[in-house]
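For reference, upload00.txt is printed below; it contains compact mmCIF, C-alpha atoms and all ligand atoms.
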# COMPACT_ATOMS: atom_id res chain seq x y z
CA MET A 1 127.79 153.52 86.49
CA LYS A 2 125.46 155.62 84.37
CA LEU A 3 121.84 156.41 85.08
CA GLY A 4 120.67 156.76 81.49
CA LYS A 5 118.82 159.60 79.79
CA TYR A 6 115.34 159.07 81.20
CA SER A 7 114.69 157.77 84.68
CA LEU A 8 111.80 157.67 87.09
CA GLY A 9 112.02 157.54 90.85
CA ILE A 10 109.39 155.13 92.11
CA GLY A 11 109.14 155.34 95.84
CA ASP A 12 106.96 152.74 97.48
CA ARG A 13 106.16 153.32 101.15
CA PHE A 14 105.20 149.74 102.03
CA SER A 15 107.30 147.89 99.45
CA HIS A 16 104.44 145.88 97.94
CA GLU A 17 104.06 147.57 94.56
CA GLY A 18 107.46 147.07 92.96
CA VAL A 19 106.17 144.70 90.28
CA ALA A 20 103.21 146.94 89.37
CA GLN A 21 105.49 149.98 89.19
CA LEU A 22 107.95 148.14 87.00
CA ARG A 23 105.12 146.93 84.71
CA ALA A 24 104.36 150.58 83.91
CA ILE A 25 107.98 151.20 82.97
CA VAL A 26 108.16 148.02 80.89
CA ARG A 27 105.07 149.16 78.97
CA ALA A 28 106.67 152.53 78.24
CA ASN A 29 109.93 150.88 77.21
CA GLN A 30 108.01 148.57 74.85
CA LYS A 31 106.96 151.75 73.04
CA GLY A 32 110.61 152.45 72.29
CA LEU A 33 111.66 154.45 75.34
CA GLU A 34 114.48 153.51 77.67
CA ILE A 35 113.48 154.59 81.15
CA SER A 36 115.50 153.39 84.12
CA PRO A 37 113.46 152.68 87.24
CA VAL A 38 114.95 153.97 90.49
CA TRP A 39 113.42 152.77 93.74
CA ASN A 40 113.91 155.71 96.08
CA LYS A 41 113.29 155.90 99.81
CA SER A 42 114.55 158.49 102.25
CA ASN A 43 115.76 157.96 105.77
CA ARG A 44 112.68 159.90 106.94
CA GLU A 45 110.31 157.47 105.20
CA HIS A 46 112.16 154.47 106.63
CA MET A 47 111.73 155.90 110.11
CA TYR A 48 107.99 156.53 109.65
CA VAL A 49 107.19 153.07 108.34
CA HIS A 50 109.91 151.21 110.30
CA SER A 51 111.51 149.73 107.22
CA HIS A 52 115.22 149.20 106.49
CA PRO A 53 117.22 150.36 103.44
CA ALA A 54 117.93 146.70 102.59
CA ASP A 55 114.16 146.12 102.10
CA VAL A 56 114.18 148.43 99.07
CA ARG A 57 116.94 146.39 97.41
CA VAL A 58 115.01 143.18 98.08
CA GLU A 59 111.87 144.69 96.54
CA ALA A 60 113.70 146.04 93.48
CA ASP A 61 115.56 142.79 92.79
CA ALA A 62 112.39 140.76 93.24
CA ALA A 63 110.37 142.98 90.86
CA VAL A 64 113.12 142.82 88.25
CA ALA A 65 113.34 139.02 88.55
CA THR A 66 109.55 138.58 88.39
CA LEU A 67 109.24 140.51 85.15
CA GLY A 68 112.58 139.43 83.71
CA PHE A 69 113.46 143.09 83.27
CA SER A 70 116.79 143.38 81.50
CA GLY A 71 117.34 147.15 81.65
CA LYS A 72 119.29 149.18 84.18
CA TYR A 73 117.67 149.81 87.55
CA PHE A 74 118.80 151.47 90.74
CA VAL A 75 118.11 151.82 94.45
CA ASP A 76 118.29 155.42 95.68
CA ALA A 77 119.33 156.37 99.21
CA ASP A 78 117.18 159.49 99.01
CA HIS A 79 118.02 162.65 100.98
CA ILE A 80 120.92 161.28 102.98
CA ASN A 81 123.69 163.15 104.77
CA LEU A 82 126.87 162.08 106.54
CA GLY A 83 124.89 161.19 109.66
CA THR A 84 122.31 158.98 107.94
CA VAL A 85 124.09 157.42 104.97
CA GLY A 86 125.63 154.46 106.84
CA PRO A 87 122.77 151.92 106.68
CA PHE A 88 122.27 152.62 102.95
CA VAL A 89 125.84 151.97 101.85
CA GLU A 90 125.58 148.25 101.25
CA THR A 91 122.34 148.04 99.30
CA ALA A 92 121.94 151.38 97.51
CA ASP A 93 123.73 152.29 94.29
CA PHE A 94 122.26 155.78 93.88
CA PHE A 95 122.83 158.40 96.57
CA THR A 96 121.02 161.71 96.89
CA LEU A 97 123.35 163.94 98.87
CA ASP A 98 121.07 166.38 100.64
CA VAL A 99 123.10 169.49 101.36
CA ALA A 100 120.19 171.94 101.66
CA SER A 101 120.80 172.52 105.36
CA PHE A 102 124.32 173.80 104.57
CA ILE A 103 123.06 176.60 102.35
CA GLY A 104 124.00 179.90 103.96
CA LYS A 105 126.52 178.34 106.35
CA GLU A 106 129.93 179.93 106.58
CA SER A 107 132.87 178.39 104.76
CA PRO A 108 136.62 179.01 105.24
CA GLU A 109 137.79 182.39 103.97
CA SER A 110 140.56 180.73 101.94
CA GLU A 111 138.01 178.56 100.11
CA VAL A 112 135.86 181.58 99.29
CA LYS A 113 138.90 183.41 97.90
CA ALA A 114 140.01 180.42 95.87
CA PHE A 115 136.54 180.08 94.39
CA VAL A 116 136.30 183.73 93.41
CA THR A 117 139.77 183.64 91.83
CA SER A 118 138.94 180.47 89.91
CA CYS A 119 135.92 182.23 88.40
CA SER A 120 137.76 185.32 87.16
CA LYS A 121 137.16 184.39 83.52
CA TYR A 122 133.39 184.72 84.08
CA ILE A 123 133.57 188.28 85.41
CA GLY A 124 131.80 190.66 83.04
CA ASN A 125 128.84 189.68 80.90
CA LEU A 126 128.46 185.93 81.04
CA ALA A 127 126.76 184.43 77.99
CA ILE A 128 125.34 180.94 78.35
CA PRO A 129 124.67 179.41 74.92
CA GLY A 130 120.94 179.35 74.17
CA ILE A 131 119.99 181.92 76.82
CA ASP A 132 118.95 185.15 75.13
CA HIS A 133 120.37 187.52 77.75
CA THR A 134 123.77 187.81 79.37
CA ILE A 135 124.37 187.74 83.11
CA ALA A 136 126.38 190.46 84.82
CA VAL A 137 128.98 188.68 86.95
CA SER A 138 131.03 190.71 89.42
CA GLU A 139 133.48 189.78 92.14
CA GLU A 140 130.83 190.80 94.67
CA LEU A 141 128.30 188.43 93.11
CA LEU A 142 130.82 185.57 93.23
CA GLU A 143 131.59 186.31 96.88
CA LYS A 144 127.88 186.37 97.66
CA LEU A 145 127.30 183.06 95.89
CA ALA A 146 130.25 181.52 97.71
CA SER A 147 128.93 182.66 101.07
CA GLN A 148 125.57 181.15 100.22
CA PHE A 149 126.45 177.86 98.56
CA LEU A 150 130.10 176.93 99.07
CA ALA A 151 129.53 175.18 102.40
CA ALA A 152 126.86 173.02 100.73
CA ALA A 153 129.27 172.05 97.94
CA ILE A 154 132.00 171.26 100.48
CA GLN A 155 129.52 169.03 102.29
CA ALA A 156 128.59 167.27 99.03
CA GLY A 157 132.31 166.62 98.56
CA GLU A 158 132.61 165.11 102.02
CA ILE A 159 129.67 162.75 101.59
CA TYR A 160 130.89 161.80 98.12
CA ASN A 161 134.40 161.06 99.40
CA TYR A 162 132.96 158.89 102.16
CA LEU A 163 130.98 156.92 99.57
CA LYS A 164 133.94 156.68 97.21
CA VAL A 165 135.88 154.87 99.93
CA ALA A 166 132.92 152.79 101.07
CA LYS A 167 131.64 151.71 97.64
CA GLY A 168 134.49 152.33 95.23
CA GLU A 169 134.70 154.99 92.56
CA GLY A 170 132.27 154.56 89.68
CA ASN A 171 130.09 152.05 91.54
CA PHE A 172 127.22 154.40 92.28
CA ILE A 173 125.20 157.34 90.93
CA THR A 174 125.54 160.69 92.66
CA GLU A 175 122.71 163.21 92.95
CA VAL A 176 122.97 166.49 94.83
CA SER A 177 119.71 167.91 96.22
CA MET A 178 118.99 171.44 97.40
CA ASP A 179 115.23 171.37 96.97
CA GLU A 180 114.08 171.33 100.56
CA VAL A 181 114.57 175.05 101.16
CA GLU A 182 112.34 178.09 100.98
CA THR A 183 114.06 180.10 98.26
CA PRO A 184 114.37 178.75 94.71
CA GLN A 185 117.82 178.76 93.14
CA THR A 186 118.10 180.85 89.98
CA PRO A 187 119.79 179.52 86.81
CA VAL A 188 122.88 181.67 87.44
CA GLU A 189 123.12 180.35 90.99
CA LEU A 190 122.81 176.83 89.62
CA PHE A 191 125.68 177.48 87.21
CA PHE A 192 128.08 178.49 89.97
CA ILE A 193 126.80 175.79 92.34
CA LEU A 194 127.79 173.28 89.66
CA LYS A 195 131.24 174.91 89.45
CA MET A 196 131.64 174.48 93.22
CA ILE A 197 130.47 170.85 93.06
CA ALA A 198 132.86 170.13 90.17
CA ASP A 199 135.72 171.77 92.09
CA LYS A 200 135.06 169.33 94.94
CA GLY A 201 135.42 166.40 92.53
CA VAL A 202 131.82 165.24 92.82
CA PRO A 203 130.76 163.52 89.55
CA VAL A 204 127.15 164.66 89.89
CA GLN A 205 124.76 162.98 87.42
CA THR A 206 121.54 164.57 88.66
CA ILE A 207 120.91 167.80 90.51
CA ALA A 208 117.69 168.73 92.27
CA PRO A 209 117.35 172.47 92.64
CA LYS A 210 114.42 174.17 94.28
CA PHE A 211 112.23 175.42 91.44
CA THR A 212 109.84 178.37 91.41
CA GLY A 213 106.31 177.58 92.56
CA ARG A 214 104.85 175.00 94.89
CA PHE A 215 105.49 171.30 94.44
CA ASN A 216 102.86 170.09 96.86
CA LYS A 217 102.75 166.39 97.61
CA GLY A 218 100.56 164.29 95.35
CA VAL A 219 98.75 167.18 93.65
CA ASP A 220 99.32 169.48 90.70
CA TYR A 221 101.85 172.30 90.45
CA THR A 222 100.77 175.70 91.66
CA GLY A 223 102.66 178.84 90.77
CA ASN A 224 103.64 180.97 87.82
CA VAL A 225 103.75 178.50 84.95
CA ASP A 226 105.46 180.88 82.50
CA GLN A 227 108.17 181.66 85.03
CA PHE A 228 108.65 177.96 85.72
CA ALA A 229 108.95 177.27 81.98
CA ARG A 230 111.57 179.99 81.54
CA GLU A 231 113.53 178.86 84.57
CA PHE A 232 113.39 175.17 83.64
CA GLU A 233 114.62 175.90 80.11
CA GLU A 234 117.46 178.07 81.41
CA ASP A 235 118.39 175.37 83.94
CA VAL A 236 118.64 172.81 81.13
CA LEU A 237 120.93 175.17 79.19
CA VAL A 238 122.99 175.92 82.30
CA LEU A 239 123.57 172.20 82.87
CA ASP A 240 124.67 171.72 79.27
CA PHE A 241 127.14 174.59 79.53
CA ALA A 242 128.36 173.47 82.97
CA VAL A 243 129.17 169.99 81.62
CA LYS A 244 131.41 171.56 78.98
CA GLU A 245 132.95 174.21 81.22
CA PHE A 246 133.58 172.18 84.36
CA GLY A 247 134.11 168.68 82.99
CA LEU A 248 131.07 167.26 84.78
CA PRO A 249 129.59 163.95 83.57
CA GLU A 250 127.91 164.17 80.13
CA GLU A 251 124.86 162.53 81.71
CA LEU A 252 124.19 165.42 84.08
CA LYS A 253 120.45 166.17 84.14
CA LEU A 254 117.80 167.79 86.27
CA SER A 255 116.02 165.86 89.00
CA VAL A 256 112.52 166.99 89.90
CA HIS A 257 111.56 166.08 93.45
CA SER A 258 107.94 165.79 94.59
CA GLY A 259 107.61 165.24 90.86
CA SER A 260 104.48 163.11 90.82
CA ASP A 261 101.16 164.56 89.73
CA LYS A 262 102.53 167.85 88.33
CA PHE A 263 100.33 167.50 85.28
CA THR A 264 100.26 171.20 84.36
CA ILE A 265 104.01 171.40 83.88
CA TYR A 266 104.67 167.94 82.38
CA PRO A 267 104.08 169.13 78.80
CA ILE A 268 106.45 172.04 79.44
CA MET A 269 109.19 169.86 80.87
CA SER A 270 108.67 167.27 78.16
CA GLY A 271 108.81 169.90 75.39
CA ILE A 272 112.02 171.43 76.73
CA ILE A 273 113.94 168.18 77.19
CA ARG A 274 112.90 167.15 73.67
CA LYS A 275 113.87 170.53 72.21
CA TYR A 276 117.41 170.17 73.54
CA ASP A 277 117.57 166.36 73.44
CA LYS A 278 118.30 166.19 77.18
CA GLY A 279 117.55 163.70 79.93
CA LEU A 280 115.37 164.00 83.00
CA HIS A 281 114.88 162.33 86.36
CA VAL A 282 111.56 162.67 88.15
CA LYS A 283 111.04 161.42 91.69
CA THR A 284 107.70 160.11 92.87
CA ALA A 285 106.72 158.31 96.05
CA GLY A 286 103.40 159.06 97.72
CA THR A 287 101.44 158.81 94.49
CA THR A 288 101.84 155.02 94.69
CA TRP A 289 100.65 154.90 98.30
CA LEU A 290 97.55 156.88 97.26
CA GLU A 291 96.83 154.29 94.57
CA GLU A 292 96.95 151.62 97.27
CA VAL A 293 94.19 153.43 99.14
CA ILE A 294 92.20 153.84 95.90
CA GLY A 295 92.58 150.13 95.20
CA LEU A 296 91.41 149.25 98.71
CA ALA A 297 88.37 151.50 98.30
CA LEU A 298 87.50 149.84 94.99
CA ALA A 299 87.87 146.38 96.52
CA GLY A 300 84.93 147.17 98.82
CA GLY A 301 84.00 145.33 102.00
CA GLU A 302 86.63 145.35 104.75
CA ALA A 303 89.10 147.01 102.37
CA LEU A 304 86.76 149.97 101.83
CA VAL A 305 86.29 150.13 105.60
CA ALA A 306 90.09 150.28 105.98
CA ALA A 307 90.34 153.10 103.43
CA LYS A 308 87.68 155.05 105.33
CA PHE A 309 89.46 154.35 108.62
CA ILE A 310 92.69 155.79 107.18
CA TYR A 311 90.83 158.97 106.22
CA SER A 312 88.95 159.37 109.49
CA SER A 313 92.10 158.74 111.57
CA ALA A 314 94.09 161.17 109.45
CA LEU A 315 91.36 163.77 109.89
CA GLY A 316 91.49 163.35 113.68
CA ARG A 317 95.30 163.62 113.70
CA LYS A 318 95.58 166.24 111.00
CA GLU A 319 97.95 168.59 112.82
CA GLU A 320 100.37 165.88 113.85
CA LEU A 321 100.47 164.28 110.38
CA CYS A 322 100.74 167.55 108.48
CA ALA A 323 103.45 169.11 110.65
CA PRO A 324 106.48 167.51 108.92
CA TYR A 325 105.04 168.47 105.53
CA ALA A 326 104.03 172.06 106.29
CA ASP A 327 105.96 173.45 103.30
CA VAL A 328 104.68 170.97 100.77
CA ILE A 329 100.92 170.71 101.37
CA ASP A 330 98.05 173.19 101.21
CA ILE A 331 94.87 171.84 102.73
CA ASP A 332 91.68 173.89 102.95
CA ASP A 333 90.04 172.50 106.10
CA LEU A 334 86.62 173.73 105.04
CA LYS A 335 86.75 171.50 101.99
CA LEU A 336 87.55 168.29 103.89
CA PRO A 337 84.50 166.01 104.06
CA SER A 338 83.33 164.93 107.51
CA VAL A 339 83.79 161.39 108.82
CA GLU A 340 79.98 160.90 108.69
CA GLU A 341 79.86 161.96 105.08
CA VAL A 342 82.69 159.67 104.01
CA SER A 343 81.28 156.70 105.95
CA ALA A 344 78.28 156.73 103.57
CA TRP A 345 80.43 156.73 100.41
CA SER A 346 80.48 153.89 97.89
CA SER A 347 83.72 152.42 96.55
CA GLU A 348 83.45 154.53 93.39
CA LYS A 349 82.70 157.75 95.25
CA PHE A 350 85.73 157.27 97.54
CA ALA A 351 88.04 156.33 94.65
CA ASN A 352 86.86 159.19 92.43
CA THR A 353 87.34 161.72 95.23
CA LEU A 354 90.89 160.53 95.84
CA ARG A 355 92.10 159.70 92.31
CA HIS A 356 94.02 162.49 90.62
CA ILE A 357 91.77 163.28 87.69
CA PRO A 358 91.53 167.06 88.10
CA ASP A 359 88.39 167.57 86.01
CA HIS A 360 86.41 164.76 87.65
CA PRO A 361 83.51 166.35 89.57
CA ASP A 362 84.27 164.27 92.69
CA TYR A 363 88.03 164.95 92.82
CA ASN A 364 89.08 166.66 96.07
CA PRO A 365 92.75 167.71 96.34
CA ASN A 366 92.30 168.50 100.06
CA LEU A 367 91.28 164.96 100.92
CA ARG A 368 94.05 163.69 98.62
CA GLN A 369 96.74 165.67 100.40
CA LEU A 370 95.50 164.64 103.83
CA ILE A 371 95.59 160.96 102.89
CA HIS A 372 99.01 161.55 101.33
CA VAL A 373 100.44 162.45 104.73
CA GLY A 374 98.32 159.78 106.43
CA TYR A 375 100.56 156.81 105.61
CA LYS A 376 101.64 156.79 109.23
CA VAL A 377 98.13 155.54 110.05
CA ALA A 378 98.52 152.64 107.62
CA SER A 379 101.94 151.92 109.07
CA GLU A 380 100.43 151.67 112.54
CA MET A 381 97.79 149.25 111.23
CA GLY A 382 100.69 146.84 110.66
CA THR A 383 99.73 143.51 109.11
CA THR A 384 96.04 144.49 109.01
CA TYR A 385 97.07 146.92 106.30
CA THR A 386 99.71 144.84 104.53
CA ASP A 387 97.47 141.72 104.54
CA LEU A 388 94.86 143.77 102.69
CA LEU A 389 97.53 144.83 100.19
CA LYS A 390 98.34 141.18 99.58
CA LYS A 391 94.71 140.10 99.37
CA HIS A 392 93.85 142.78 96.80
CA ALA A 393 97.21 142.85 95.07
CA GLU A 394 95.78 142.44 91.58
CA LEU A 395 93.29 145.30 91.79
CA ILE A 396 95.74 147.62 93.59
CA GLY A 397 98.49 146.70 91.15
CA LYS A 398 96.27 147.79 88.25
CA CYS A 399 95.72 151.18 89.89
CA VAL A 400 99.44 151.63 90.57
CA GLU A 401 100.41 150.67 87.02
CA GLU A 402 97.75 152.83 85.37
CA ASN A 403 98.73 155.85 87.46
CA ILE A 404 102.42 155.63 86.59
CA TYR A 405 101.92 154.71 82.95
CA GLU A 406 98.90 156.75 81.87
CA ARG A 407 99.17 159.82 84.05
CA HIS A 408 102.93 160.09 84.45
CA LEU A 409 105.13 158.33 81.89
CA LYS A 410 102.91 159.12 78.90
CA ARG A 411 102.89 162.79 79.72
CA LEU A 412 106.53 163.08 80.74
CA PHE A 413 108.38 161.09 78.14
ZN ZN B 501 113.59 166.22 97.68
Would you encode the structure as structure tokens?
Amino acid sequence: MKLGKYSLGIGDRFSHEGVAQLRAIVRANQKGLEISPVWNKSNREHMYVHSHPADVRVEADAAVATLGFSGKYFVDADHINLGTVGPFVETADFFTLDVASFIGKESPESEVKAFVTSCSKYIGNLAIPGIDHTIAVSEELLEKLASQFLAAAIQAGEIYNYLKVAKGEGNFITEVSMDEVETPQTPVELFFILKMIADKGVPVQTIAPKFTGRFNKGVDYTGNVDQFAREFEEDVLVLDFAVKEFGLPEELKLSVHSGSDKFTIYPIMSGIIRKYDKGLHVKTAGTTWLEEVIGLALAGGEALVAAKFIYSSALGRKEELCAPYADVIDIDDLKLPSVEEVSAWSSEKFANTLRHIPDHPDYNPNLRQLIHVGYKVASEMGTTYTDLLKKHAELIGKCVEENIYERHLKRLF
């Protein structure tokens, strides 16, 4: 099973927007692209909204049937480990093996030795084609890399072997993710991580490293853009070289998590993958939930009241809702509007404040991030919320489609 060159992860918290999301991809594909949609949902999201992995498969199949979509599509068991993968086995065909928590864990001395020995040909000045500087590789560096990353690669091998038995070889896509950590992985680290993953027999098709800078949820990239550009380009070249050196799948490409709304770096990413004719996977999720709230606001009446309720509740429970996302949001409390202020807003004012159009005078990234983490409030509203989604499906669907097509796919691919 192959993912294809371009793919977009389209997470959908409440599983009502599959058709609208797919419409955006169909529109892009009508322009001559071939983007595979991947409906991704993590175990964490399922727990927060009390959904089941099978629901994602139902949504994906239904969207594909509704639009008569004939391309490849996938269902991603996002950020799973050995403890959580079970319920995803039957209905997912894309698995994101999250081994971040094994970074820095000790691995058997014999494995470390074997790794260092197997890399002896790289000792000296390692030249990666396309990268304009060589990398000094010593035995000490290899030992250090093994002590940092080998346990994670071993874990990836264990999860992969479990899936190989459960699903059959070649019947699923394998991604390895290491993004949910504090320290970014450098291109040279990525090269040797891929060696370790290849040694464990994991046919990785996408890898999600932690990049330089902040990938905050639902808002633009913040960080050193030049450094990101350099690192991203080197990562692309590292992957190309690793495929040839380690016999990894030709399809191997980068996966960018929390990838929605990173408008500043889309032209950079797009330029680099074009320059080298490479593929890319970008994961999004919360950006679609935010469009639901925008659509509700625009619908007015009780739907606007619901949108305001979500904001005011999230404001009152800010600490609780933000806690699990501490590393991926930056909210300036002083710039959050008060409940009184928001209660007087019109549909347009609410939508313009929330919608991610950075140069719009009403746009407020603080409110946007707070609502991003506020989906728990909507989940607790139960059918009150989902009935509104059904009632205003057309308007919300337009927002969802426009966001993915105009602001994401057009800029990325
Ligand atoms: Zn991730």
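Using all atoms listed in the file, residues with at least one atom at most 6 Å away from any atom of ligand ZN 501 (chain B) are Asp179, Glu180 and His257 of chain A.
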Any chance you could export the current selection's C-alpha atoms as a compact mmCIF listing (two decimals), in the coordinates of the input?
# COMPACT_ATOMS: atom_id res chain seq x y z
CA ASP A 179 115.23 171.37 96.97
CA GLU A 180 114.08 171.33 100.56
CA HIS A 257 111.56 166.08 93.45
Selected residue of minimal separation from Arg214 of chain A among A:Ile10, A:Asp330, A:Glu302, A:His133, counting all atoms listed in the file: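 Smallest separation from Arg214 of chain A among the options: A:Asp330.
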Spatial neighbours of segment 370-378 of chain A, max dist 6 Å, all atoms listed in the file, sep filter under 2 positions, as a VMD selection string: chain A and resid 314 321 367 to 368 380 to 381
Could you write out that same residue set with C-alpha atoms as a tab-separated table (two decimals), keeping the file's coordinate frame?
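Dumped everything to result_6.tsv:
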chain	number	residue	atom	x	y	z
A	314	ALA	CA	94.09	161.17	109.45
A	321	LEU	CA	100.47	164.28	110.38
A	367	LEU	CA	91.28	164.96	100.92
A	368	ARG	CA	94.05	163.69	98.62
A	380	GLU	CA	100.43	151.67	112.54
A	381	MET	CA	97.79	149.25	111.23
Exercise: segment 219-228 of chain A partners within 9 Å, all atoms listed in the file, chain neighbours under 3 positions left out, as a PyMOL selection string: chain A and resi 211-216+231-233+260-265+268+287+329+356+358+365+368-369
Distance of atom CA of Phe350 of chain A from atom CA of Ala297 of chain A, expressed in Å to one decimal place: 6.4 Å
Using all atoms listed in the file: which of A:Leu97, A:Leu354, A:Ala152, A:Leu412 has the shortest distance to Gly271 of chain A: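 Answer, going by the shortest atom-to-atom distance: A:Leu412.
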Residues within 10 Å of Glu90 of chain A, only C-alpha atoms, excluding chain neighbours under 6 positions, as a PDB file with C-alpha atoms, keeping the file's coordinate frame:
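Okay, part_39.pdb is ready:
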ATOM      1  CA  PRO A  53     117.220 150.360 103.440  1.00  0.00           C
ATOM      2  CA  ALA A  54     117.930 146.700 102.590  1.00  0.00           C
ATOM      3  CA  ARG A  57     116.940 146.390  97.410  1.00  0.00           C
ATOM      4  CA  ALA A 166     132.920 152.790 101.070  1.00  0.00           C
ATOM      5  CA  LYS A 167     131.640 151.710  97.640  1.00  0.00           C
TER       6      LYS A 167
END
